[in-house]
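What's in my_file_12.csv: CSV, C-alpha atoms
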```
chain,number,residue,atom,x,y,z
A,634,MET,CA,91.8,181.0,64.2
A,635,TYR,CA,93.4,180.1,67.6
A,636,ASP,CA,91.4,176.9,67.7
A,637,TRP,CA,93.1,175.9,64.4
A,638,PHE,CA,96.6,177.1,65.3
A,639,ASP,CA,96.9,177.2,69.1
A,640,ASN,CA,100.3,178.6,69.9
A,641,SER,CA,101.7,181.7,71.7
A,642,VAL,CA,101.8,183.8,68.5
A,643,THR,CA,98.2,183.3,67.4
A,644,SER,CA,97.0,183.8,71.0
A,645,ILE,CA,98.1,187.4,70.9
A,646,PHE,CA,96.1,188.2,67.8
A,647,PHE,CA,93.0,186.0,68.1
A,648,PRO,CA,90.6,185.3,70.9
A,649,VAL,CA,91.5,182.3,73.1
A,650,ASN,CA,88.2,182.2,75.1
A,651,GLU,CA,84.8,183.7,75.2
A,652,SER,CA,85.5,186.7,77.5
A,653,ILE,CA,84.5,190.2,76.6
A,654,TRP,CA,88.2,191.2,76.5
A,655,GLU,CA,89.2,188.5,74.1
A,656,HIS,CA,86.5,189.7,71.7
A,657,MET,CA,88.1,193.1,71.6
A,658,LYS,CA,91.0,191.4,69.8
A,659,ILE,CA,88.5,190.6,67.0
A,660,ILE,CA,87.6,194.3,66.6
A,661,PHE,CA,91.2,195.5,66.7
A,662,THR,CA,92.9,192.8,64.6
A,663,SER,CA,90.2,192.8,61.9
A,664,THR,CA,90.4,196.6,61.6
A,665,ILE,CA,94.2,196.3,61.2
A,666,ILE,CA,93.9,193.5,58.6
A,667,VAL,CA,91.3,195.5,56.6
A,668,SER,CA,93.5,198.6,56.8
A,669,PHE,CA,96.4,196.6,55.3
A,670,PHE,CA,94.3,195.6,52.3
A,671,GLU,CA,92.9,199.0,52.0
A,672,TYR,CA,96.4,200.5,52.0
A,673,LEU,CA,97.4,198.1,49.1
A,674,ARG,CA,94.3,199.0,47.2
A,675,LEU,CA,94.8,202.7,47.6
A,676,LYS,CA,98.5,202.5,46.8
A,677,LYS,CA,97.7,200.6,43.6
A,678,ALA,CA,95.1,203.3,42.6
A,679,GLY,CA,97.5,206.1,43.6
A,680,LEU,CA,95.1,207.5,46.2
A,681,LEU,CA,97.1,207.4,49.4
A,682,TYR,CA,95.9,209.7,52.2
A,683,HIS,CA,97.9,211.6,54.8
A,684,ASN,CA,98.3,209.9,58.1
A,685,PHE,CA,96.9,206.6,56.8
A,686,TRP,CA,98.4,204.3,59.4
A,687,PHE,CA,98.0,206.7,62.3
A,688,SER,CA,94.3,207.2,61.5
A,689,ASN,CA,93.6,203.5,61.1
A,690,ILE,CA,95.6,202.3,64.1
A,691,PHE,CA,94.3,205.0,66.4
A,692,SER,CA,90.7,204.3,65.3
A,693,ALA,CA,91.1,200.6,65.8
A,694,PHE,CA,92.5,201.2,69.3
A,695,LEU,CA,89.7,203.7,70.1
A,696,SER,CA,87.1,201.2,69.1
A,697,ILE,CA,88.0,199.1,72.1
A,698,PRO,CA,87.2,201.6,74.9
A,699,LEU,CA,84.3,203.0,72.9
A,700,TYR,CA,82.7,199.6,72.5
A,701,LEU,CA,83.3,198.7,76.2
A,702,VAL,CA,82.0,202.0,77.6
A,703,LEU,CA,78.7,201.4,75.7
A,704,PHE,CA,78.6,197.6,76.0
A,705,VAL,CA,79.5,196.8,79.6
A,706,PRO,CA,76.7,198.7,81.4
A,707,VAL,CA,74.0,197.2,79.1
A,708,TYR,CA,75.6,193.7,79.5
A,709,ASN,CA,75.5,194.1,83.3
A,710,VAL,CA,71.8,194.8,83.2
A,711,ILE,CA,70.5,192.5,80.4
A,712,GLY,CA,73.3,189.9,80.0
A,713,GLU,CA,74.3,188.5,76.6
A,714,ASN,CA,72.2,189.7,73.7
A,715,MET,CA,73.5,188.8,70.3
A,716,PHE,CA,71.5,191.5,68.4
A,717,PHE,CA,72.7,194.2,70.8
A,718,SER,CA,76.3,193.1,70.7
A,719,ILE,CA,76.5,192.9,66.9
A,720,GLY,CA,74.4,196.1,66.4
A,721,LEU,CA,76.7,198.0,68.8
A,722,MET,CA,79.8,196.6,67.1
A,723,LEU,CA,78.5,197.9,63.7
A,724,VAL,CA,77.8,201.3,65.2
A,725,VAL,CA,81.3,201.5,66.7
A,726,ILE,CA,82.9,200.3,63.5
A,727,ILE,CA,81.0,203.0,61.5
A,728,ALA,CA,82.1,205.6,64.0
A,729,VAL,CA,85.8,204.7,63.9
A,730,VAL,CA,85.8,204.4,60.1
A,731,TYR,CA,84.4,207.9,59.9
A,732,MET,CA,87.0,209.1,62.3
A,733,ALA,CA,89.8,207.3,60.4
A,734,HIS,CA,88.7,209.0,57.2
A,735,TYR,CA,88.5,212.4,58.9
A,736,LEU,CA,92.1,212.0,60.3
A,737,SER,CA,93.5,210.8,57.0
A,738,THR,CA,92.2,213.9,55.2
A,739,LYS,CA,94.0,216.3,57.5
A,740,LYS,CA,97.4,217.8,57.0
A,741,GLU,CA,100.2,215.2,57.3
A,742,ILE,CA,101.7,214.8,60.7
A,743,ARG,CA,105.5,214.2,60.6
A,744,ASP,CA,106.9,210.9,61.7
A,745,MET,CA,103.4,209.6,62.5
A,746,THR,CA,103.8,206.4,60.6
A,747,LEU,CA,106.7,205.2,62.6
A,748,THR,CA,105.0,206.3,65.9
A,749,SER,CA,101.9,204.4,64.8
A,750,LEU,CA,103.7,201.2,64.1
A,751,ILE,CA,105.5,201.4,67.5
A,752,PHE,CA,102.0,202.0,69.1
A,753,LEU,CA,100.7,199.0,67.2
A,754,SER,CA,103.5,196.9,68.6
A,755,LEU,CA,102.7,198.1,72.1
A,756,VAL,CA,99.0,197.3,71.7
A,757,TYR,CA,99.8,193.7,70.7
A,758,ILE,CA,102.3,193.4,73.6
A,759,GLY,CA,99.5,194.5,75.9
A,760,PHE,CA,97.1,191.9,74.2
A,761,GLY,CA,99.7,189.2,74.8
A,762,TYR,CA,100.3,190.2,78.4
A,763,LEU,CA,96.5,190.3,79.2
A,764,THR,CA,95.9,187.0,77.5
A,765,TYR,CA,98.4,185.2,79.8
A,766,TYR,CA,97.9,187.4,82.9
A,767,PRO,CA,94.4,188.7,82.8
A,768,ALA,CA,92.9,190.8,85.6
A,769,HIS,CA,90.3,188.9,87.6
A,770,ASN,CA,87.2,190.9,86.8
A,771,GLY,CA,84.2,190.4,84.6
A,772,LEU,CA,85.9,191.8,81.5
A,773,PHE,CA,88.3,189.0,81.4
A,774,TYR,CA,86.1,186.2,82.7
A,775,ASP,CA,85.0,183.5,80.3
A,776,THR,CA,81.6,182.3,81.5
A,777,THR,CA,81.5,179.5,79.0
A,778,ASN,CA,84.6,177.8,80.3
A,779,ASN,CA,84.5,179.3,83.8
A,780,MET,CA,88.0,180.7,83.7
A,781,TYR,CA,90.3,183.7,83.1
A,782,GLY,CA,92.9,183.9,80.4
A,783,ILE,CA,94.3,181.3,78.2
A,784,ASN,CA,95.8,178.5,80.3
A,785,THR,CA,94.9,179.5,83.7
A,786,TYR,CA,92.9,177.5,86.2
A,787,VAL,CA,89.3,176.6,86.2
A,788,LEU,CA,87.3,178.2,89.0
A,789,ARG,CA,85.3,175.9,91.2
A,790,ASP,CA,82.1,176.9,93.0
```
Rendering of file as structure tokens:
Amino acid sequence: MYDWFDNSVTSIFFPVNESIWEHMKIIFTSTIIVSFFEYLRLKKAGLLYHNFWFSNIFSAFLSIPLYLVLFVPVYNVIGENMFFSIGLMLVVIIAVVYMAHYLSTKKEIRDMTLTSLIFLSLVYIGFGYLTYYPAHNGLFYDTTNNMYGINTYVLRD
């Protein structure tokens, strides 16, 4: 998406390079987009759950550290492996969808929707900041383009 519409807004929501960190935006943003459509579908059917936004936003956020904790050690040992990466992503998605369902069936927590939307905004502010000012470690390093972040410098050997 960023390749089609390269601007500062799309850079916050979509990956701008091939680093591990930028791929975490895919997990998070796709979960939020699916949650929005799920909300509309459930609302139309009259089946809204308690804590819907809290459970989905929290689960989407939790998918990032969960994936990274499992992915990074294996990546450091074996390197890039498409089957492992996709398989692990599916396992993480299944786990967080189960957790979102569990949280949405619990007793409603007051004011959690507003808190969740504020948290969602803070997450995307963090994505934006780390897109333009990434830490210089392996998580943010794009091995394909030999660079960090969106418009930073190319590293030379």
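With all atoms listed in the file as the atoms that count, the minimum distance from Thr746 in chain A to the choices A:Asp775, A:Ala768, A:His683, A:Ala733 is reached by A:His683.
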- Could you name the residues that touch range 642-655 of chain A at 6 Å or less, counting all atoms listed in the file, but leaving out those on the same chain fewer than 2 positions away, as a count of residues only? 11
- Item | Pairwise distance for CA of Val707 in chain A and CA of Gly782 in chain A, rounded to one decimal in Å | 23.1 Å
- Message: Quick check, in Å to one decimal: how far apart do CA of Ser688 in chain A and CA of Ile726 in chain A lie?
- Response: 13.5 Å
- Contacts of Met745 in chain A at 10 Å (only C-alpha atoms; same-chain gap of 2+ positions) as an NGL selection string: :A and (683-688 or 741-743 or 747-751)
Just to be explicit: take each residue in the selection above, keep C-alpha atoms, and write the result as a CSV table (one decimal), in the frame of the given file.
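This is the output file result_13.csv:
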```csv
chain,number,residue,atom,x,y,z
A,683,HIS,CA,97.9,211.6,54.8
A,684,ASN,CA,98.3,209.9,58.1
A,685,PHE,CA,96.9,206.6,56.8
A,686,TRP,CA,98.4,204.3,59.4
A,687,PHE,CA,98.0,206.7,62.3
A,688,SER,CA,94.3,207.2,61.5
A,741,GLU,CA,100.2,215.2,57.3
A,742,ILE,CA,101.7,214.8,60.7
A,743,ARG,CA,105.5,214.2,60.6
A,747,LEU,CA,106.7,205.2,62.6
A,748,THR,CA,105.0,206.3,65.9
A,749,SER,CA,101.9,204.4,64.8
A,750,LEU,CA,103.7,201.2,64.1
A,751,ILE,CA,105.5,201.4,67.5
```
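If you look at CA of Thr764 in chain A and CA of Tyr672 in chain A, they are 28.9 Å away from each other.
The list of residues with at least one atom within 7 Å of Ser692 in chain A, based on only C-alpha atoms and without residues fewer than 2 positions apart in the same chain, reads Ser688, Asn689, Ile690, Phe694, Leu695, Ser696, Val729, Met732 and Ala733 of chain A.
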Store the residues picked out above in a file with C-alpha atoms, as a short mmCIF file (atom, residue, chain, number, x, y, z; two decimals), keeping the file's coordinate frame.
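The result, stored in part_21.cif:
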```cif
data_model
loop_
_atom_site.label_atom_id
_atom_site.label_comp_id
_atom_site.auth_asym_id
_atom_site.auth_seq_id
_atom_site.Cartn_x
_atom_site.Cartn_y
_atom_site.Cartn_z
CA SER A 688 94.30 207.20 61.50
CA ASN A 689 93.60 203.50 61.10
CA ILE A 690 95.60 202.30 64.10
CA PHE A 694 92.50 201.20 69.30
CA LEU A 695 89.70 203.70 70.10
CA SER A 696 87.10 201.20 69.10
CA VAL A 729 85.80 204.70 63.90
CA MET A 732 87.00 209.10 62.30
CA ALA A 733 89.80 207.30 60.40
#
```
